[in-house]
Amino acid sequence: MSREINESQSNSSGSALAAGMPAPEFTLPAGPDRKVTLENYRGRPVILAFYPADWSPVCGDQMALYNEILPEFKRYNAELLGISVDGPWCHRAYRESRNLQFPLLADFEPKGEVARVYGVYRDGEGVSERALFVLDNEGRISWSYVSPIDVNPGADGILAALENLSRKETQDGK
Amino acid sequence: MVSKMSARLSVPVSERDHVQGSPDAAVTLVEYGDFECPHCGAAHLVVKQIQKTLGDQLRFVFRHFPLAQIHPHAERAAEAAEAAGAQGRFWQMHDLLFEHQQSLSDRHLLLYAEAIDLDTDRFARELAEHVYQPRVREDFMSGVRSGVNGTPTFFINGARHDGLYDVSSLLDAIQRAGSDV
């Protein structure tokens with residue numbers, strides 16, 4: 001796995017994987033007894049939502065918002081995966097407390113490995129950026145966005161990206 | 001990295017909206033809110049104060065943004081406001097809901113309907129049948145597409161207000177927008 005990251009910047013947004021790149025594969029725990037492999041979602045869009053940490057107030061807002069919008073994501077047949085460096089037990093407690101209806105993946109061991117590969121790991125702080133990736137049916141990145149870490153990026157960008165994808169598919173006659 | 005569109009109101013104010021104030025007002029303030037959200041409860045008082053100060057210079061619009069997964073009564077309360085709106089009493093219900101944020105069970109909603117002289121049979125039936133659920137969802141989605149990320153979120157003449165929303169901050173922002181017109 002590539003370990004090239006820009007250590008001089010506290011904000012690593014410059015190195016986030018951009019649209020057009022294949023999304024690096026990974027398998028991560030989605031709880032103490034379940035694993036999620038990205039490849040298994042081939043054939044449908046995937047939203048990867050990297051966020052710095054469970055329990056911080058801004059995250060709560062962002063994940064709570066996505067929880068509400070989940071039916072809208074499903075309309076595009078898209079799967080939402082939240083990812084942070086927190087461990088599986090921490091994720092479980094957080095999901096339960098917020099009643100989150102989508103998986104939270106633990107990028108916990110080796111710490112932040114997936115965030116690094118996607119170019120969204122913040123070295124100084126040891127957490128990931130607040131970064132969004134929308135992947136197409138073939139596992140290619142079709143849109144990515146890195147938000148200032150304390151700003152909830154919302155869902156409008158994700159929905160626009162999903163809309164573009166479904167438009168493209170219709171045009172391609174798939 | 002792809003840049004993100006700036007946060008602007010994606011669905012303009014129209015006849016479908018609940019509006020207070022003059023259509024000729026220099027400034028339109030749109031709030032996306034949740035009747036069970038304590039921050040919205042605080043903002044309700046702020047908006048009242050600002051409406052009093054600005055009078056005709058301000059047009060105020062309220063749209064629903066219930067965060068139903070964390071506020072179990074929020075969706076129902078939003079539908080109740082719409083059911084009251086269908087009988088011409090949206091704002092009376094809106095005010096009552098914000099004044100009684102801790103008491104939003106179905107029983108309470110019915111009491112409020114009675115208090116503002118609604119046809120309570122119709123009100124109860126429409127609530128039970130979720131007649132206004134699509135309308136509330138429409139508001140919610142228009143918020144999502146406009147960059148509403150939490151509640152309350154304000155738009156001043158179509159631009160999202162990212163600053164504080166105490167009386168003086170919000171009033172300042174509104175007056176600045178008014179002088180730009």
# chains A, B, ... in the order shown; residues from 1 in each chain; ligands from 1
call {"tool": "interface_residues", "arguments": {"of": "chain B", "to": "chain A", "cutoff": "12 Å", "atoms": "only C-alpha atoms", "output": "ChimeraX atom specification"}}
result
/B:1-10,65-72,75,137-138,140-152,162
call {"tool": "residues_around", "arguments": {"residues": "segment 116-126 of chain B", "least_positions_apart": "4", "cutoff": "12 Å", "atoms": "only C-alpha atoms", "output": "PyMOL selection string"}}
result
chain B and resi 76+79-97+106-112+130-133
call {"tool": "select_by_dssp", "arguments": {"residues": "segment 48-147 of chain B", "states": "strand (DSSP E)", "output": "ChimeraX atom specification"}}
result
/B:58-64
call {"tool": "atom_distance", "arguments": {"atom1": "atom CA of Leu165 of chain A", "atom2": "atom CA of Met21 of chain A"}}
result
15.1 Å
call {"tool": "atom_distance", "arguments": {"atom1": "atom CA of Leu105 of chain A", "atom2": "atom CA of Ala30 of chain A"}}
result
4.5 Å
call {"tool": "closest_atom_pairs", "arguments": {"of": "segment 59-110 of chain A", "to": "segment 114-123 of chain A", "cutoff": "9 Å", "atoms": "only C-alpha atoms", "output": "CSV"}}
result
residue,atom,partner,partner_atom,distance
A:Ile83,CA,A:Ala115,CA,8.4
A:Ser84,CA,A:Ala115,CA,8.2
A:Val85,CA,A:Ala115,CA,8.5
A:Asp107,CA,A:Val114,CA,6.4
A:Pro110,CA,A:Val114,CA,8.8
call {"tool": "atom_distance", "arguments": {"atom1": "atom CA of Ser166 of chain A", "atom2": "atom CA of Glu129 of chain A"}}
result
27.3 Å
